[in-house]
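Data from input_9.csv: CSV, C-alpha atoms
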```csv
chain,number,residue,atom,x,y,z
R,1,MET,CA,-19.0,4.0,21.0
R,2,TYR,CA,-20.2,5.9,17.8
R,3,SER,CA,-19.0,4.7,14.4
R,4,PHE,CA,-17.5,6.8,11.6
R,5,MET,CA,-16.2,3.7,9.9
R,6,ASN,CA,-18.5,3.7,6.9
R,7,ASP,CA,-21.8,4.9,5.3
R,8,TYR,CA,-23.6,1.6,5.4
R,9,SER,CA,-23.7,0.8,9.1
R,10,GLU,CA,-27.3,1.8,9.4
R,11,GLY,CA,-30.2,0.0,7.8
R,12,ALA,CA,-32.3,2.1,5.4
R,13,HIS,CA,-34.3,5.3,5.4
R,14,PRO,CA,-37.7,4.8,7.1
R,15,ARG,CA,-39.5,5.7,3.8
R,16,ILE,CA,-37.9,2.8,2.1
R,17,LEU,CA,-38.8,0.4,4.9
R,18,ASN,CA,-42.4,1.6,4.8
R,19,ALA,CA,-42.6,1.2,1.1
R,20,LEU,CA,-41.2,-2.4,1.3
R,21,LEU,CA,-43.7,-3.1,4.1
R,22,GLU,CA,-46.7,-1.6,2.3
R,23,THR,CA,-46.0,-3.7,-0.9
R,24,ASN,CA,-44.9,-6.8,1.0
R,25,LEU,CA,-47.9,-9.0,0.1
R,26,GLU,CA,-48.3,-7.9,-3.5
R,27,GLN,CA,-47.6,-10.4,-6.1
R,28,THR,CA,-45.3,-9.2,-8.8
R,29,GLN,CA,-43.3,-10.4,-11.8
R,30,GLY,CA,-39.8,-11.8,-10.8
R,31,TYR,CA,-36.3,-11.1,-11.9
R,32,GLY,CA,-36.5,-7.3,-12.3
R,33,GLU,CA,-39.5,-7.3,-14.6
R,34,ASP,CA,-41.9,-6.1,-12.0
R,35,ILE,CA,-43.8,-2.7,-12.2
R,36,TYR,CA,-41.6,-1.2,-9.5
R,37,CYS,CA,-38.3,-1.8,-11.3
R,38,GLN,CA,-39.9,-0.5,-14.5
R,39,LYS,CA,-41.2,2.7,-12.8
R,40,ALA,CA,-37.8,3.3,-11.0
R,41,ALA,CA,-35.9,2.8,-14.3
R,42,GLU,CA,-38.2,5.3,-16.0
R,43,LEU,CA,-37.7,7.9,-13.2
R,44,ILE,CA,-34.0,7.5,-13.6
R,45,ARG,CA,-34.2,8.0,-17.4
R,46,GLN,CA,-36.3,11.1,-16.8
R,47,ARG,CA,-33.6,12.5,-14.3
R,48,ILE,CA,-30.9,11.8,-16.9
R,49,GLY,CA,-32.9,13.1,-19.8
R,50,ARG,CA,-32.6,10.1,-22.1
R,51,THR,CA,-35.2,7.6,-23.0
R,52,ASP,CA,-32.8,5.1,-24.6
R,53,LEU,CA,-30.8,4.1,-21.5
R,54,ALA,CA,-30.7,0.5,-20.4
R,55,ILE,CA,-31.0,0.3,-16.6
R,56,HIS,CA,-30.5,-2.7,-14.4
R,57,PHE,CA,-30.7,-3.1,-10.7
R,58,LEU,CA,-28.0,-5.2,-8.8
R,59,SER,CA,-27.5,-5.8,-5.2
R,60,GLY,CA,-24.0,-4.4,-4.5
R,61,GLY,CA,-21.1,-2.4,-5.9
R,62,THR,CA,-18.5,-5.2,-6.4
R,63,GLN,CA,-21.2,-7.3,-8.0
R,64,THR,CA,-22.1,-4.5,-10.4
R,65,ASN,CA,-18.4,-3.9,-11.3
R,66,LEU,CA,-17.6,-7.5,-12.0
R,67,THR,CA,-20.8,-8.1,-13.9
R,68,ALA,CA,-20.5,-5.0,-16.0
R,69,LEU,CA,-16.8,-5.2,-16.8
R,70,SER,CA,-16.9,-8.9,-17.6
R,71,ALA,CA,-19.8,-8.3,-20.0
R,72,PHE,CA,-18.2,-5.3,-21.7
R,73,LEU,CA,-14.8,-6.8,-22.2
R,74,ARG,CA,-13.6,-9.6,-24.5
R,75,PRO,CA,-11.4,-12.3,-22.9
R,76,TYR,CA,-8.1,-10.6,-23.8
R,77,GLU,CA,-9.2,-7.0,-22.9
R,78,ALA,CA,-8.4,-5.2,-19.7
R,79,ALA,CA,-9.5,-2.2,-17.6
R,80,ILE,CA,-7.3,0.7,-16.6
R,81,ALA,CA,-7.7,2.1,-13.1
R,82,ALA,CA,-5.9,4.5,-10.7
R,83,ASP,CA,-3.5,2.9,-8.2
R,84,THR,CA,-6.1,3.6,-5.5
R,85,GLY,CA,-9.1,2.4,-7.6
R,86,HIS,CA,-11.6,0.2,-5.9
R,87,ILE,CA,-11.5,-2.6,-8.5
R,88,LEU,CA,-7.7,-2.7,-8.1
R,89,VAL,CA,-7.4,-2.5,-4.3
R,90,HIS,CA,-10.6,-3.4,-2.5
R,91,GLU,CA,-12.5,-6.0,-4.4
R,92,THR,CA,-10.4,-9.1,-3.7
R,93,GLY,CA,-9.4,-9.5,-7.4
R,94,ALA,CA,-13.1,-9.7,-8.5
R,95,ILE,CA,-12.4,-8.4,-11.9
R,96,GLU,CA,-9.3,-10.6,-12.4
R,97,ALA,CA,-11.4,-13.6,-11.3
R,98,THR,CA,-13.6,-13.0,-14.3
R,99,GLY,CA,-10.5,-13.2,-16.5
R,100,HIS,CA,-9.7,-9.6,-17.0
R,101,LYS,CA,-6.5,-7.8,-15.9
R,102,VAL,CA,-6.7,-4.4,-14.2
R,103,ILE,CA,-3.9,-2.2,-15.3
R,104,SER,CA,-2.8,0.2,-12.6
R,105,ILE,CA,-1.7,3.8,-13.4
R,106,PRO,CA,-0.7,6.6,-11.0
R,107,GLY,CA,-3.4,8.8,-9.7
R,108,SER,CA,-3.3,12.4,-8.6
R,109,ASP,CA,-5.6,13.0,-5.6
R,110,GLY,CA,-7.2,9.7,-6.6
R,111,LYS,CA,-8.0,10.8,-10.1
R,112,ILE,CA,-6.5,9.8,-13.5
R,113,ASN,CA,-6.1,11.8,-16.7
R,114,PRO,CA,-5.5,11.1,-20.4
R,115,GLN,CA,-1.8,11.6,-20.3
R,116,ARG,CA,-1.4,8.8,-17.8
R,117,ILE,CA,-3.8,6.6,-19.7
R,118,GLN,CA,-1.8,7.2,-22.9
R,119,VAL,CA,1.3,5.8,-21.2
R,120,ALA,CA,-0.5,2.5,-20.4
R,121,LEU,CA,-1.7,2.3,-24.1
R,122,GLU,CA,1.8,2.8,-25.4
R,123,ILE,CA,3.1,0.0,-23.1
R,124,HIS,CA,0.4,-2.5,-24.0
R,125,LYS,CA,1.1,-2.2,-27.7
R,126,ASP,CA,0.5,-5.7,-29.2
R,127,GLU,CA,-1.1,-9.1,-28.9
R,128,HIS,CA,1.5,-10.4,-26.5
R,129,MET,CA,-0.1,-8.2,-23.8
R,130,VAL,CA,-3.6,-7.6,-22.7
R,131,LYS,CA,-5.4,-5.0,-24.7
R,132,PRO,CA,-6.6,-1.9,-22.7
R,133,LYS,CA,-10.3,-1.4,-23.5
R,134,LEU,CA,-12.0,0.3,-20.6
R,135,VAL,CA,-11.2,3.2,-18.3
R,136,TYR,CA,-12.5,2.8,-14.8
R,137,ILE,CA,-13.0,5.8,-12.5
R,138,SER,CA,-15.0,6.3,-9.4
R,139,ASN,CA,-16.8,9.5,-8.5
R,140,PRO,CA,-16.1,10.4,-5.8
R,141,THR,CA,-12.7,8.7,-5.7
R,142,GLU,CA,-11.4,6.4,-2.9
R,143,ILE,CA,-10.0,9.4,-1.1
R,144,GLY,CA,-13.1,11.7,-1.3
R,145,THR,CA,-12.1,13.9,-4.3
R,146,ILE,CA,-14.5,14.5,-7.2
R,147,TYR,CA,-14.1,14.8,-11.0
R,148,HIS,CA,-15.2,18.1,-12.4
R,149,LYS,CA,-17.1,18.4,-15.7
R,150,SER,CA,-14.0,19.6,-17.6
R,151,GLU,CA,-12.0,16.6,-16.4
R,152,LEU,CA,-14.7,14.2,-17.3
R,153,GLU,CA,-15.2,15.8,-20.7
R,154,GLU,CA,-11.5,15.4,-21.4
R,155,LEU,CA,-11.5,11.8,-20.4
R,156,SER,CA,-14.6,11.1,-22.5
R,157,ARG,CA,-13.0,12.7,-25.6
R,158,PHE,CA,-9.8,10.7,-25.1
R,159,CYS,CA,-11.7,7.5,-24.7
R,160,ASN,CA,-13.8,8.1,-27.8
R,161,LYS,CA,-10.7,8.9,-29.8
R,162,ASN,CA,-8.9,5.8,-28.6
R,163,ASN,CA,-11.8,3.4,-28.8
R,164,LEU,CA,-12.0,2.9,-25.1
R,165,TYR,CA,-15.1,2.6,-22.9
R,166,LEU,CA,-15.5,5.0,-20.0
R,167,TYR,CA,-17.1,3.4,-16.9
R,168,ILE,CA,-17.9,5.3,-13.7
R,169,ASP,CA,-18.2,3.5,-10.3
R,170,GLY,CA,-20.9,5.5,-8.5
R,171,ALA,CA,-21.1,3.7,-5.2
R,172,ARG,CA,-21.1,7.2,-3.6
R,173,LEU,CA,-22.3,9.1,-6.6
R,174,GLY,CA,-24.9,11.0,-4.6
R,175,SER,CA,-22.2,12.4,-2.4
R,176,ALA,CA,-20.2,13.6,-5.5
R,177,LEU,CA,-23.3,15.2,-7.2
R,178,CYS,CA,-24.3,17.0,-4.0
R,179,SER,CA,-20.8,18.3,-3.2
R,180,PRO,CA,-20.7,22.1,-3.1
R,181,GLU,CA,-17.8,21.9,-5.5
R,182,ASN,CA,-19.5,19.7,-8.1
R,183,ASP,CA,-20.5,21.0,-11.5
R,184,LEU,CA,-21.7,17.6,-13.0
R,185,SER,CA,-25.2,16.4,-13.3
R,186,LEU,CA,-26.8,13.0,-13.9
R,187,ALA,CA,-27.6,14.3,-17.5
R,188,ASP,CA,-23.8,14.9,-18.0
R,189,LEU,CA,-23.0,11.4,-17.0
R,190,GLY,CA,-25.5,10.0,-19.4
R,191,VAL,CA,-23.7,11.7,-22.2
R,192,LEU,CA,-20.0,11.4,-21.2
R,193,ALA,CA,-19.9,7.8,-19.8
R,194,ASP,CA,-20.6,4.6,-21.7
R,195,ALA,CA,-21.9,3.2,-18.4
R,196,PHE,CA,-22.1,4.2,-14.8
R,197,TYR,CA,-24.0,3.2,-11.7
R,198,ILE,CA,-26.0,5.0,-9.1
R,199,GLY,CA,-25.2,3.7,-5.6
R,200,GLY,CA,-28.0,3.1,-3.2
R,201,THR,CA,-26.3,0.9,-0.6
R,202,LYS,CA,-24.3,3.8,0.7
R,203,ASN,CA,-27.0,6.4,0.4
R,204,GLY,CA,-30.1,5.3,2.3
R,205,ALA,CA,-31.1,2.0,0.7
R,206,LEU,CA,-30.9,-1.4,2.4
R,207,LEU,CA,-29.0,-2.6,-0.6
R,208,GLY,CA,-28.9,-2.0,-4.3
R,209,GLU,CA,-27.2,-0.2,-7.2
R,210,ALA,CA,-28.7,1.1,-10.5
R,211,LEU,CA,-26.5,0.4,-13.5
R,212,VAL,CA,-27.0,2.8,-16.4
R,213,ILE,CA,-25.8,1.7,-19.8
R,214,SER,CA,-25.8,4.5,-22.5
R,215,ASN,CA,-23.6,2.9,-25.2
R,216,ASP,CA,-25.8,0.8,-27.4
R,217,ALA,CA,-22.9,-1.6,-28.1
R,218,LEU,CA,-22.9,-2.7,-24.4
R,219,LYS,CA,-26.7,-3.2,-24.0
R,220,GLU,CA,-27.3,-6.4,-25.9
R,221,ASP,CA,-27.9,-9.6,-23.9
R,222,PHE,CA,-26.9,-7.9,-20.6
R,223,ARG,CA,-29.6,-9.8,-18.8
R,224,PHE,CA,-27.8,-13.1,-19.7
R,225,HIS,CA,-24.7,-11.7,-17.9
R,226,LEU,CA,-26.8,-10.8,-14.9
R,227,LYS,CA,-28.2,-14.3,-14.6
R,228,GLN,CA,-24.8,-16.0,-15.2
R,229,LYS,CA,-23.1,-13.9,-12.5
R,230,GLY,CA,-25.9,-14.5,-9.9
R,231,ALA,CA,-26.9,-10.9,-10.1
R,232,MET,CA,-30.5,-11.4,-11.2
R,233,LEU,CA,-32.7,-11.5,-8.1
R,234,ALA,CA,-35.9,-13.5,-8.2
R,235,LYS,CA,-37.4,-10.8,-5.9
R,236,GLY,CA,-36.0,-7.9,-8.0
R,237,ARG,CA,-38.9,-5.8,-6.7
R,238,VAL,CA,-36.9,-5.3,-3.5
R,239,LEU,CA,-34.4,-3.2,-5.5
R,240,GLY,CA,-36.9,-1.4,-7.7
R,241,ILE,CA,-39.1,-0.3,-4.8
R,242,GLN,CA,-36.1,1.3,-3.1
R,243,PHE,CA,-34.9,3.2,-6.1
R,244,LEU,CA,-38.5,4.3,-6.8
R,245,GLU,CA,-38.7,5.7,-3.3
R,246,LEU,CA,-35.3,7.4,-3.7
R,247,PHE,CA,-36.0,9.1,-7.0
R,248,LYS,CA,-39.8,9.9,-6.9
R,249,ASP,CA,-38.7,13.2,-5.3
R,250,ASP,CA,-35.3,14.5,-4.1
R,251,LEU,CA,-34.8,12.0,-1.3
R,252,TYR,CA,-31.7,10.5,-2.9
R,253,PHE,CA,-30.0,13.9,-3.1
R,254,ASP,CA,-31.3,15.1,0.3
R,255,LEU,CA,-29.6,12.1,2.0
R,256,ALA,CA,-26.3,12.7,0.2
R,257,LYS,CA,-26.4,16.4,1.1
R,258,HIS,CA,-26.8,15.5,4.8
R,259,ALA,CA,-23.8,13.2,4.7
R,260,ASN,CA,-21.7,15.8,3.0
R,261,THR,CA,-22.7,18.5,5.5
R,262,MET,CA,-21.8,16.3,8.5
R,263,ALA,CA,-18.4,15.4,6.9
R,264,ASP,CA,-17.6,19.1,6.2
R,265,ARG,CA,-18.2,20.0,9.8
R,266,LEU,CA,-15.8,17.3,10.9
R,267,GLN,CA,-13.2,18.3,8.4
R,268,ASN,CA,-13.4,21.9,9.5
R,269,ALA,CA,-13.1,20.9,13.1
R,270,PHE,CA,-9.8,19.0,12.4
R,271,CYS,CA,-8.5,22.0,10.4
R,272,ASN,CA,-9.4,24.4,13.1
R,273,GLN,CA,-7.4,22.4,15.5
R,274,GLY,CA,-4.4,22.7,13.3
R,275,PHE,CA,-4.3,19.3,11.7
R,276,GLN,CA,-3.3,18.6,8.1
R,277,LEU,CA,-5.4,16.6,5.6
R,278,LEU,CA,-4.2,13.9,3.2
R,279,THR,CA,-6.4,15.6,0.6
R,280,HIS,CA,-9.1,18.1,0.6
R,281,SER,CA,-12.4,16.3,0.4
R,282,ALA,CA,-15.8,17.8,-0.6
R,283,THR,CA,-17.7,14.6,0.0
R,284,ASN,CA,-18.6,12.4,2.9
R,285,GLN,CA,-15.1,10.8,3.4
R,286,ILE,CA,-12.4,12.9,5.1
R,287,PHE,CA,-8.8,12.0,5.7
R,288,PRO,CA,-7.1,14.0,8.5
R,289,ILE,CA,-3.4,13.3,9.5
R,290,LEU,CA,-3.2,12.8,13.3
R,291,PRO,CA,-0.7,11.9,16.0
R,292,ASP,CA,-0.9,8.2,16.8
R,293,SER,CA,-1.3,9.1,20.5
R,294,LEU,CA,-4.4,11.1,19.7
R,295,ILE,CA,-5.8,8.3,17.6
R,296,GLY,CA,-5.6,5.9,20.5
R,297,LYS,CA,-7.5,8.3,22.8
R,298,MET,CA,-10.2,8.9,20.2
R,299,GLN,CA,-10.7,5.2,19.6
R,300,LYS,CA,-11.9,4.8,23.2
R,301,LYS,CA,-15.1,6.5,22.2
R,302,TYR,CA,-15.3,6.5,18.4
R,303,SER,CA,-14.5,4.0,15.7
R,304,PHE,CA,-13.0,5.0,12.4
R,305,SER,CA,-10.4,3.6,9.9
R,306,VAL,CA,-6.6,4.1,10.2
R,307,TRP,CA,-5.9,4.5,6.6
R,308,SER,CA,-2.1,4.6,6.4
R,309,LYS,CA,1.1,5.5,8.3
R,310,ILE,CA,2.7,8.9,7.5
R,311,ASP,CA,5.7,8.6,9.7
R,312,GLN,CA,6.7,7.0,13.0
R,313,THR,CA,4.3,9.0,15.0
R,314,HIS,CA,1.5,10.1,12.6
R,315,SER,CA,-1.2,8.3,10.6
R,316,VAL,CA,-3.9,9.2,8.1
R,317,VAL,CA,-7.4,8.2,9.4
R,318,ARG,CA,-10.6,8.1,7.5
R,319,PHE,CA,-13.9,9.4,8.9
R,320,VAL,CA,-17.1,8.6,6.9
R,321,THR,CA,-20.5,10.2,7.6
R,322,SER,CA,-23.8,8.8,6.3
R,323,TRP,CA,-27.3,9.8,5.4
R,324,ALA,CA,-28.2,8.9,9.0
R,325,THR,CA,-25.3,10.5,10.9
R,326,PRO,CA,-27.0,12.5,13.7
R,327,GLU,CA,-25.9,16.1,14.1
R,328,GLU,CA,-25.6,15.5,17.8
R,329,ALA,CA,-23.0,12.8,17.2
R,330,VAL,CA,-20.9,15.3,15.1
R,331,ILE,CA,-21.3,18.0,17.8
R,332,ASN,CA,-20.2,15.6,20.5
R,333,PHE,CA,-17.2,14.5,18.5
R,334,ILE,CA,-16.0,18.0,17.8
R,335,GLU,CA,-16.3,18.9,21.5
R,336,ASP,CA,-14.3,15.8,22.5
R,337,LEU,CA,-11.7,16.6,19.9
R,338,LYS,CA,-11.2,20.1,21.4
R,339,ASN,CA,-10.9,18.6,24.9
R,340,LEU,CA,-8.4,16.0,23.7
R,341,THR,CA,-6.2,18.6,22.0
R,342,LYS,CA,-6.0,21.2,24.8
```
Spit out the file's structure as structure tokens when you get a sec.
Amino acid sequence: MYSFMNDYSEGAHPRILNALLETNLEQTQGYGEDIYCQKAAELIRQRIGRTDLAIHFLSGGTQTNLTALSAFLRPYEAAIAADTGHILVHETGAIEATGHKVISIPGSDGKINPQRIQVALEIHKDEHMVKPKLVYISNPTEIGTIYHKSELEELSRFCNKNNLYLYIDGARLGSALCSPENDLSLADLGVLADAFYIGGTKNGALLGEALVISNDALKEDFRFHLKQKGAMLAKGRVLGIQFLELFKDDLYFDLAKHANTMADRLQNAFCNQGFQLLTHSATNQIFPILPDSLIGKMQKKYSFSVWSKIDQTHSVVRFVTSWATPEEAVINFIEDLKNLTK
């Protein structure tokens, strides 16, 4: 049984494990103030091209989202997200548990635009309702699509004009940046977003996300929020060492490119067999629409997610490839797919 369920089934890239082992008995400062966290943060600043960024390392995506959004928002303020947004659908109400409502708006291919955000602003018009203050997007989206530079520039201008923060969930940011259809860079994100994070958990790290805060108004006392939310690790070095390894060369991007390449081969195989897609994905998540009878046959040898029903006999499934997906596993699956659809 080979799994295409997610991109965190494997442990970590061997270089990361070796780095952790080689530094294991060193004594360092705690709580993210060690030399490895400092060096990793500096490397990320260099990649983005800004020396004034605040960078914090946290253990996971949901923890990053709830810590950041609860810090950035006042008690009566809310976040706006697409109806497929991770903070709305897949985080067990984590944002609401911090006291902040998530306002759902319709997405198109998982993405939102200023016109739909404007509707939410017009509905939430006075102090009898929560006040929209932050726009949440993920790149790539929950259904594998990506934001292009022009789209992000438009969102950024709109947010600036309407006194809203723009926050980008980057759990799979490497996959988005390494997509052949992408025209955004880390430097662009450092200018266009008030804050975003660089996901490590789903791109070769054991665990860890790097939160980048560019808006000066959001930087003050953030370490207090980290501590209060249980996000400040005593052994913060574990996170710093991993991001140092990922960004001291192009390892972070090489791993994301591999995941995308494997997903593209799978997506092409489904299309070549005549199957439709829920949406075109240029990242490491793909969403073919398959007959339920075929899904049952495939599940005898492979694991993947059944995303949603399309009709009485067809469903959308999700296949996810990772930095560690062997080419052989993809080749074998494609051959099995051909045999099952003869």
Subject >> Near-Ser293 of chain R list (10 Å; all atoms listed in the file; drop same-chain fewer than 2 positions) as a ChimeraX atom specification >> reply: /R:290-291,295-298,313-315
Atoms to include: C-alpha atoms. Write the selected residues as a short mmCIF file (atom, residue, chain, number, x, y, z; two decimals), in the frame of the given file.
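That gives us selection26.cif:
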```cif
data_model
loop_
_atom_site.label_atom_id
_atom_site.label_comp_id
_atom_site.auth_asym_id
_atom_site.auth_seq_id
_atom_site.Cartn_x
_atom_site.Cartn_y
_atom_site.Cartn_z
CA LEU R 290 -3.20 12.80 13.30
CA PRO R 291 -0.70 11.90 16.00
CA ILE R 295 -5.80 8.30 17.60
CA GLY R 296 -5.60 5.90 20.50
CA LYS R 297 -7.50 8.30 22.80
CA MET R 298 -10.20 8.90 20.20
CA THR R 313 4.30 9.00 15.00
CA HIS R 314 1.50 10.10 12.60
CA SER R 315 -1.20 8.30 10.60
#
```
Restrict the calculation to only C-alpha atoms, then for each residue of segment 160-181 of chain R with any atom at most 6 Å from an atom of segment 246-261 of chain R give the closest atom pair and their distance in Å to one decimal, rows by chain and rising residue number, as CSV.
```
residue,atom,partner,partner_atom,distance
R:Gly174,CA,R:Ala256,CA,5.3
R:Ser175,CA,R:Ala256,CA,4.9
R:Cys178,CA,R:Lys257,CA,5.5
```
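Nearest to Asp83 of chain R of all the residues R:Thr321, R:Gln27, R:Thr141, R:Thr64 is R:Thr141, based on only C-alpha atoms.
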**OP:** To one decimal in Å, tell me the separation between atom CA of Asp169 of chain R and atom CA of Glu151 of chain R.
**Re:** 15.7 Å
**OP:** Rounded to one decimal place, report the atom CA of Glu33 of chain R-atom CA of Asp188 of chain R distance in Å.
**Re:** 27.4 Å
